[in-house]
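The structure appears below as C-alpha cells.
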Amino acid sequence: MKIYLLYGGRSAEHDISILSAFSLIQGVSYKRHTVVPVYITKQGQFIAGSELTAPLTDAQQLRLTVGTEAVFNAPDQSSFGRSITPYDFKHQDSVVFPMLHGTNGEDGTIQGLLDVLDVPYVGDGVMASATGMDKIISKLVFQEAGIPQVPFEAILLQDWRQDAQQILDRVRGSLLLPLFVKPANAGSSIGISMIDDIDKLQDAIDFAFRYDDRVIVEQGVPETREIELAILGNADINVSVPGEIGKARTFYDYTAKFVDGTTKLLIPAPVSDTIKTKLQAYAKTAYIALGASGLARVDFFLSKSDDIYLNEVQTMPGFTQYSMYPYLWQEMGLQYPDLIDELINLGIERYQQRKQMEANF
Ligand SMILES: Nc1ncnc2c1ncn2[C@@H]1O[C@H](COP(=O)(O)OP(=O)(O)O)[C@@H](O)[C@H]1O
Ligand SMILES: [Mg+2]
C-alpha cells in the first residue's frame, strides 16, 4: 500500500498531529508499505513530501522550516514539497491515513471530502467523527444508549445572548460545584475552565463562547481518576484493557497533556475486574451508538466511590508511540506496525462495503 499520511491541519492540535505522524513514519512496516507525507499547513494548503521507503532518522527531517512554519519531509531547506490536492490521492493500492486531531480533521470534514472523491481512508466516517467531536451531540447519543455520564447543561449562543441570567439560574439549580465549562467543539482543553466558585460561571461561559457558539457546562467529578480504553474494528469490535492517566495535576489541561511530560500512563489500569468489565461494556456500547468504525479511544471518569462516567470518545486519538491508544494495543499483544496494518485493512474493508451498498441503489 501507498499511504498518504495527512498531518498538521487547521486545528489547535496541529503540533500533536505532527508528532503522531512522525511516529507512524518511524513505526510503519516499509516491507509492506510506502508513505507519502502530506502536510496540511495552518492555512489549509496541502504539501506533499517525497515518497518514503524507509523511516526518517530524526524529527527535524519532518519539521524543517519553510518560511515561518515547521514542516514536512524535505531533504534540505531549499527543497520544498510539492503542492498536492486530495484528487491526487486516488490510486490503485493506496489509502489515506488522516492523522489529524481536532477540527478540520477529526470532525468529519476531511472524511467527507475523501468520501466525495471516492478515496479509501483509515478510521471513522463522517457521522461518527462529527458526533464524537461534539460534546453536546455525543452526550445526547450516549444518554440514549443508557451510558452513565455526568449531569450537564447545553447552552446555545442565541439563548445566552437573550437571557444569560435565566441560564445561570438553571445551571445553579441543576448542577453541583465544581463545574467544567467547555466549548462543544474544541479539543485539547482549549476554552475549558474548571470553576469552584459559582460567581465565576458567567465569565467561564463567555470564555468558552470565544471558541464555539455552543457551550456545555458539566458537573465535575471531584478528584476523578481518568481511564481510557482503545477500540479497534468495524463489525467485529475489539476492546482493550483499560489504561489510566496517572496525573500530577488536578485538571488534565493542555500543558499537562503535551508539554511538560508530567503525565504517566498506567497500563493496565489498577481497577477491579468488575469495573474493568463494566468499562469495556460501556466502551463498546458507546462505539456502536456512535456508528464508529476503524478505531476510537473511549475516555471515562472513575470517581472515588467507583462510579463510572463516560467523558468522551476520540475518533483519531493521539498516535505517537508513547500515546495511550497504541500502548493499549501493545499491552493486548498488537505491536505498532501491526496496528497500522490492521487500521489500513479496516479502512479498506469499510470502503469496499460502502461501494457495495452504493451499488445497491
Ligand atoms: N466533568 C468533569 N469532571 C472532572 N474532570 C473533568 C470534567 N470534565 C473535564 N475534566 C478534566 O478536564 C480534562 C479535559 O476535558 P475534556 O472534556 O476531556 O476535553 P478535551 O476535549 O480537551 O480532551 C479532562 O481530561 C479532565 O481532566
Ligand atoms: Mg479529553
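Within each chain, counting starts at residue 1; across the C-alpha cells, chains are named A, B, ... in the order shown, with ligands numbered 1 upward in that order.
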Per residue of chain A within 12 Å of ligand 2, note the shortest atom pair and the distance in Å to one decimal, counting only C-alpha atoms and all ligand atoms, and order the rows by chain and increasing residue number, as CSV.
```
residue,atom,partner,partner_atom_place_in_ligand_line,distance
A:His101,CA,ligand 2,1 (Mg),11.8
A:Gly102,CA,ligand 2,1 (Mg),11.0
A:Gly132,CA,ligand 2,1 (Mg),11.3
A:Met133,CA,ligand 2,1 (Mg),10.3
A:Asp134,CA,ligand 2,1 (Mg),11.7
A:Lys135,CA,ligand 2,1 (Mg),10.1
A:Lys182,CA,ligand 2,1 (Mg),10.9
A:Ala184,CA,ligand 2,1 (Mg),12.0
A:Asn185,CA,ligand 2,1 (Mg),11.5
A:Ala186,CA,ligand 2,1 (Mg),10.1
A:Gly187,CA,ligand 2,1 (Mg),7.0
A:Ser188,CA,ligand 2,1 (Mg),6.9
A:Ser189,CA,ligand 2,1 (Mg),7.0
A:Ile190,CA,ligand 2,1 (Mg),10.4
A:Ile192,CA,ligand 2,1 (Mg),10.6
A:Glu226,CA,ligand 2,1 (Mg),9.4
A:Ile227,CA,ligand 2,1 (Mg),10.6
A:Glu228,CA,ligand 2,1 (Mg),9.8
A:Ile245,CA,ligand 2,1 (Mg),11.1
A:Phe251,CA,ligand 2,1 (Mg),10.7
A:Tyr252,CA,ligand 2,1 (Mg),8.2
A:Asp253,CA,ligand 2,1 (Mg),8.9
A:Tyr254,CA,ligand 2,1 (Mg),9.8
A:Ala256,CA,ligand 2,1 (Mg),12.0
A:Lys257,CA,ligand 2,1 (Mg),9.6
A:Arg297,CA,ligand 2,1 (Mg),10.0
A:Val298,CA,ligand 2,1 (Mg),9.3
A:Asp299,CA,ligand 2,1 (Mg),6.9
A:Phe300,CA,ligand 2,1 (Mg),9.1
A:Phe301,CA,ligand 2,1 (Mg),10.3
A:Leu310,CA,ligand 2,1 (Mg),10.6
A:Asn311,CA,ligand 2,1 (Mg),7.2
A:Glu312,CA,ligand 2,1 (Mg),6.4
A:Val313,CA,ligand 2,1 (Mg),8.1
A:Gln314,CA,ligand 2,1 (Mg),7.8
A:Thr315,CA,ligand 2,1 (Mg),11.5
A:Met316,CA,ligand 2,1 (Mg),11.9
A:Pro317,CA,ligand 2,1 (Mg),9.7
A:Gly318,CA,ligand 2,1 (Mg),10.8
```
How about saving the chosen residues, N, CA, C and O atoms kept, as a compact mmCIF listing (two decimals), in the first residue's frame?
```
# COMPACT_ATOMS: atom_id res chain seq x y z
N HIS A 101 -5.92 15.59 14.33
CA HIS A 101 -6.71 15.65 15.55
C HIS A 101 -7.47 16.97 15.59
O HIS A 101 -6.98 17.99 15.13
N GLY A 102 -8.69 16.93 16.14
CA GLY A 102 -9.43 18.17 16.34
C GLY A 102 -10.18 18.61 15.10
O GLY A 102 -10.50 17.80 14.22
N GLY A 132 -18.67 12.38 17.46
CA GLY A 132 -17.68 12.20 18.51
C GLY A 132 -17.02 13.50 18.90
O GLY A 132 -16.65 13.70 20.06
N MET A 133 -16.87 14.40 17.96
CA MET A 133 -16.18 15.67 18.21
C MET A 133 -17.03 16.62 19.03
O MET A 133 -16.51 17.50 19.72
N ASP A 134 -18.35 16.47 18.94
CA ASP A 134 -19.25 17.46 19.54
C ASP A 134 -19.69 17.01 20.93
O ASP A 134 -20.38 16.01 21.09
N LYS A 135 -19.28 17.78 21.93
CA LYS A 135 -19.52 17.36 23.31
C LYS A 135 -21.00 17.40 23.68
O LYS A 135 -21.40 16.74 24.64
N LYS A 182 -17.19 24.13 28.90
CA LYS A 182 -16.42 23.75 27.71
C LYS A 182 -17.11 24.21 26.42
O LYS A 182 -18.33 24.10 26.32
N ALA A 184 -18.41 23.29 22.86
CA ALA A 184 -18.87 21.96 22.42
C ALA A 184 -17.86 21.30 21.51
O ALA A 184 -17.72 20.09 21.49
N ASN A 185 -17.12 22.10 20.76
CA ASN A 185 -16.28 21.60 19.68
C ASN A 185 -14.88 22.15 19.71
O ASN A 185 -14.50 22.90 18.82
N ALA A 186 -14.06 21.81 20.67
CA ALA A 186 -12.73 22.41 20.61
C ALA A 186 -11.64 21.35 20.70
O ALA A 186 -10.97 21.05 19.73
N GLY A 187 -11.47 20.71 21.80
CA GLY A 187 -10.39 19.74 21.94
C GLY A 187 -9.16 20.34 22.56
O GLY A 187 -9.00 21.57 22.62
N SER A 188 -8.28 19.47 23.09
CA SER A 188 -7.04 19.91 23.72
C SER A 188 -7.27 20.84 24.90
O SER A 188 -6.44 21.69 25.17
N SER A 189 -8.37 20.71 25.56
CA SER A 189 -8.69 21.51 26.74
C SER A 189 -8.78 23.00 26.46
O SER A 189 -8.81 23.81 27.38
N ILE A 190 -8.80 23.40 25.19
CA ILE A 190 -8.85 24.82 24.86
C ILE A 190 -10.24 25.39 25.12
O ILE A 190 -11.24 24.80 24.75
N ILE A 192 -11.65 25.58 27.94
CA ILE A 192 -12.28 24.88 29.08
C ILE A 192 -11.87 25.55 30.39
O ILE A 192 -10.70 25.88 30.58
N GLU A 226 -8.86 9.08 35.63
CA GLU A 226 -9.18 9.14 34.20
C GLU A 226 -8.71 7.87 33.53
O GLU A 226 -7.52 7.55 33.53
N ILE A 227 -9.68 7.13 33.00
CA ILE A 227 -9.43 5.80 32.47
C ILE A 227 -9.82 5.78 30.98
O ILE A 227 -10.88 6.30 30.62
N GLU A 228 -8.95 5.21 30.17
CA GLU A 228 -9.21 5.21 28.72
C GLU A 228 -9.10 3.79 28.16
O GLU A 228 -8.25 3.02 28.60
N ILE A 245 -4.62 7.49 33.15
CA ILE A 245 -3.72 8.64 33.12
C ILE A 245 -3.32 8.91 34.57
O ILE A 245 -4.15 9.34 35.36
N PHE A 251 -6.29 19.00 37.06
CA PHE A 251 -7.04 19.27 35.85
C PHE A 251 -6.12 18.96 34.68
O PHE A 251 -5.06 19.53 34.52
N TYR A 252 -6.51 17.97 33.91
CA TYR A 252 -5.68 17.46 32.82
C TYR A 252 -5.75 18.46 31.68
O TYR A 252 -6.57 18.35 30.80
N ASP A 253 -4.93 19.47 31.73
CA ASP A 253 -5.03 20.54 30.73
C ASP A 253 -3.98 20.38 29.63
O ASP A 253 -3.23 19.42 29.61
N TYR A 254 -3.97 21.34 28.72
CA TYR A 254 -3.14 21.23 27.53
C TYR A 254 -1.66 21.05 27.89
O TYR A 254 -0.96 20.24 27.32
N ALA A 256 -0.31 19.86 30.66
CA ALA A 256 -0.02 18.55 31.23
C ALA A 256 -0.04 17.47 30.16
O ALA A 256 0.74 16.53 30.18
N LYS A 257 -0.96 17.60 29.20
CA LYS A 257 -1.10 16.59 28.17
C LYS A 257 0.11 16.49 27.27
O LYS A 257 0.58 15.42 26.96
N ARG A 297 -10.82 5.90 20.83
CA ARG A 297 -10.42 5.78 22.23
C ARG A 297 -11.58 6.32 23.06
O ARG A 297 -12.12 7.38 22.75
N VAL A 298 -11.96 5.55 24.08
CA VAL A 298 -13.13 5.94 24.87
C VAL A 298 -12.64 6.33 26.26
O VAL A 298 -11.99 5.53 26.94
N ASP A 299 -12.95 7.56 26.67
CA ASP A 299 -12.39 8.14 27.90
C ASP A 299 -13.45 8.22 29.00
O ASP A 299 -14.54 8.76 28.77
N PHE A 300 -13.09 7.71 30.16
CA PHE A 300 -14.03 7.70 31.29
C PHE A 300 -13.47 8.44 32.49
O PHE A 300 -12.26 8.58 32.64
N PHE A 301 -14.40 8.87 33.36
CA PHE A 301 -14.05 9.29 34.71
C PHE A 301 -14.44 8.15 35.65
O PHE A 301 -15.47 7.51 35.46
N LEU A 310 -18.91 8.17 31.42
CA LEU A 310 -18.26 8.35 30.12
C LEU A 310 -17.91 9.82 29.95
O LEU A 310 -18.78 10.68 30.15
N ASN A 311 -16.67 10.14 29.62
CA ASN A 311 -16.33 11.54 29.33
C ASN A 311 -16.49 11.81 27.85
O ASN A 311 -17.35 12.56 27.45
N GLU A 312 -15.68 11.17 27.02
CA GLU A 312 -15.78 11.45 25.59
C GLU A 312 -15.14 10.35 24.77
O GLU A 312 -14.42 9.51 25.30
N VAL A 313 -15.42 10.37 23.47
CA VAL A 313 -14.83 9.41 22.55
C VAL A 313 -13.97 10.18 21.56
O VAL A 313 -14.40 11.18 20.99
N GLN A 314 -12.73 9.73 21.40
CA GLN A 314 -11.81 10.35 20.43
C GLN A 314 -11.76 9.45 19.21
O GLN A 314 -11.38 8.28 19.33
N THR A 315 -12.12 9.99 18.06
CA THR A 315 -12.13 9.14 16.87
C THR A 315 -10.75 9.07 16.19
O THR A 315 -10.49 8.14 15.44
N MET A 316 -9.89 10.06 16.43
CA MET A 316 -8.49 9.92 16.00
C MET A 316 -7.62 10.30 17.19
O MET A 316 -7.13 11.41 17.30
N PRO A 317 -7.44 9.34 18.10
CA PRO A 317 -6.69 9.63 19.33
C PRO A 317 -5.21 9.86 19.04
O PRO A 317 -4.72 9.49 17.97
N GLY A 318 -4.52 10.47 20.00
CA GLY A 318 -3.08 10.66 19.88
C GLY A 318 -2.42 9.34 19.49
O GLY A 318 -2.77 8.29 20.01
```
> How would you write, as an MDAnalysis selection string, the set of residues in region 83-195 of chain A that DSSP gives as strand (DSSP E)?
Replying inline: chainID A and resid 83 94:98 152:156 179:183 193:195
>> Taking 5 positions as the minimum chain separation for residues in the same chain, which residues sit within 8 Å of Ala283 (chain A) when counting only C-alpha atoms? Answer as a PyMOL selection string.
In response: chain A and resi 229+231+239+298
Can you write out the residues you just picked, keeping N, CA, C and O atoms, as a JSON list (two decimals), in the first residue's frame?
```
[["chain", "number", "residue", "atom", "x", "y", "z"],
["A", 229, "LEU", "N", -9.96, 3.49, 27.20],
["A", 229, "LEU", "CA", -9.91, 2.18, 26.54],
["A", 229, "LEU", "C", -9.77, 2.39, 25.04],
["A", 229, "LEU", "O", -10.27, 3.38, 24.49],
["A", 231, "ILE", "N", -10.43, 0.97, 21.16],
["A", 231, "ILE", "CA", -11.29, 0.09, 20.38],
["A", 231, "ILE", "C", -10.77, 0.02, 18.95],
["A", 231, "ILE", "O", -10.28, 1.01, 18.40],
["A", 239, "VAL", "N", -12.04, -4.65, 22.11],
["A", 239, "VAL", "CA", -11.89, -3.65, 23.17],
["A", 239, "VAL", "C", -10.67, -4.00, 24.01],
["A", 239, "VAL", "O", -10.49, -5.15, 24.40],
["A", 298, "VAL", "N", -11.96, 5.55, 24.08],
["A", 298, "VAL", "CA", -13.13, 5.94, 24.87],
["A", 298, "VAL", "C", -12.64, 6.33, 26.26],
["A", 298, "VAL", "O", -11.99, 5.53, 26.94]]
```
> Nearest to Arg161 (chain A): which of A:Ile205, A:Ala235, A:Leu295, A:Ala145 is it, counting only C-alpha atoms?
Replying inline: A:Ile205
>> Would you compute the distance between CA of Phe361 (chain A) and CA of Val126 (chain A)? Give it in Å to one decimal.
In response: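 If I compute the distance from CA of Phe361 (chain A) to CA of Val126 (chain A), I get 19.8 Å.
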> Between CA of Gln149 (chain A) and CA of Leu168 (chain A), what is the distance, to one decimal in Å?
Replying inline: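 Result for CA of Gln149 (chain A) versus CA of Leu168 (chain A): 21.2 Å, one decimal.
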> So how far away is CA of Phe46 (chain A) from CA of Val122 (chain A), in Å?
Replying inline: 18.2 Å
> Which is closest to Leu117 (chain A) among A:Gln353, A:Ser129, A:Ile136, A:Val96, if we use only C-alpha atoms?
Replying inline: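 Answer, going by the shortest atom-to-atom distance: A:Val96.
Closest approach to ligand 1 from the set A:Lys247, A:Arg172, A:Lys2, A:Arg82 is made by A:Lys247, with distances taken over only C-alpha atoms and all ligand atoms.
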>> For a quick check of understanding, using only C-alpha atoms, which of A:Asp93, A:Asp88, A:Asp169, A:Asp338 has the smallest distance to Leu201 (chain A)?
In response: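 So, comparing all the options, the nearest one is A:Asp169.
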> Quick one: of A:Val95, A:Leu346, A:Ala164, A:Ile267, who's nearest to Ser293 (chain A), counting only C-alpha atoms?
Replying inline: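 Using only C-alpha atoms, Ser293 (chain A) sits closest to A:Leu346.
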> Hey, what's within 10 Å of Ala54 (chain A) if we count only C-alpha atoms and toss same-chain stuff fewer than 4 positions away? As a ChimeraX atom specification, please?
Replying inline: /A:25-31,33-35
> Near Gln111 (chain A), counting only C-alpha atoms, which residues have an atom at most 8 Å away, once you skip same-chain residues fewer than 3 positions from it, shown as a PyMOL selection string?
Replying inline: chain A and resi 105+108+114-115+121+124-126
Selection above as a file: all heavy atoms, as a compact mmCIF listing (two decimals), in the first residue's frame:
```txt
# COMPACT_ATOMS: atom_id res chain seq x y z
N GLY A 105 -10.40 17.73 10.77
CA GLY A 105 -9.61 16.52 10.61
C GLY A 105 -10.26 15.35 11.32
O GLY A 105 -10.44 14.28 10.76
N GLY A 108 -15.01 14.94 10.87
CA GLY A 108 -15.83 14.52 9.74
C GLY A 108 -15.63 15.34 8.49
O GLY A 108 -16.09 14.94 7.42
N LEU A 114 -13.00 13.15 1.44
CA LEU A 114 -12.48 11.91 0.86
C LEU A 114 -13.62 11.02 0.34
O LEU A 114 -13.48 10.37 -0.69
CB LEU A 114 -11.63 11.17 1.91
CG LEU A 114 -10.37 11.93 2.34
CD1 LEU A 114 -9.71 11.27 3.54
CD2 LEU A 114 -9.36 12.05 1.19
N ASP A 115 -14.75 11.02 1.05
CA ASP A 115 -15.91 10.26 0.57
C ASP A 115 -16.37 10.78 -0.79
O ASP A 115 -16.63 10.01 -1.71
CB ASP A 115 -17.10 10.39 1.55
CG ASP A 115 -16.97 9.43 2.73
OD1 ASP A 115 -16.16 8.48 2.66
OD2 ASP A 115 -17.70 9.63 3.72
N TYR A 121 -9.96 5.55 3.14
CA TYR A 121 -9.17 6.15 4.22
C TYR A 121 -9.32 5.35 5.51
O TYR A 121 -10.25 4.58 5.68
CB TYR A 121 -9.55 7.61 4.45
CG TYR A 121 -11.01 7.86 4.75
CD1 TYR A 121 -11.50 7.85 6.05
CD2 TYR A 121 -11.91 8.12 3.72
CE1 TYR A 121 -12.84 8.09 6.32
CE2 TYR A 121 -13.25 8.36 3.97
CZ TYR A 121 -13.71 8.34 5.27
OH TYR A 121 -15.04 8.58 5.53
N ASP A 124 -12.71 6.51 11.27
CA ASP A 124 -14.14 6.72 11.31
C ASP A 124 -14.65 7.55 10.14
O ASP A 124 -13.92 8.36 9.59
CB ASP A 124 -14.49 7.42 12.62
CG ASP A 124 -14.36 6.46 13.80
OD1 ASP A 124 -15.30 5.70 14.03
OD2 ASP A 124 -13.29 6.46 14.45
N GLY A 125 -15.92 7.33 9.81
CA GLY A 125 -16.56 8.08 8.75
C GLY A 125 -17.08 9.42 9.23
O GLY A 125 -16.78 9.87 10.34
N VAL A 126 -17.85 10.07 8.37
CA VAL A 126 -18.32 11.45 8.63
C VAL A 126 -19.15 11.53 9.90
O VAL A 126 -18.89 12.35 10.78
CB VAL A 126 -19.15 11.96 7.43
CG1 VAL A 126 -19.82 13.30 7.76
CG2 VAL A 126 -18.28 12.08 6.20
```
> Looking only at the backbone, which of the residues in region 69-213 of chain A does DSSP tag as alpha helix (DSSP H), as number ranges by chain?
Replying inline: A: 109-116, 126-133, 135-144, 157-162, 164-174, 201-208
> When distances are computed from only C-alpha atoms and all ligand atoms, which of A:Glu244, A:Glu51, A:Glu144, A:Glu331 shows the smallest separation from ligand 1?
Replying inline: A:Glu244
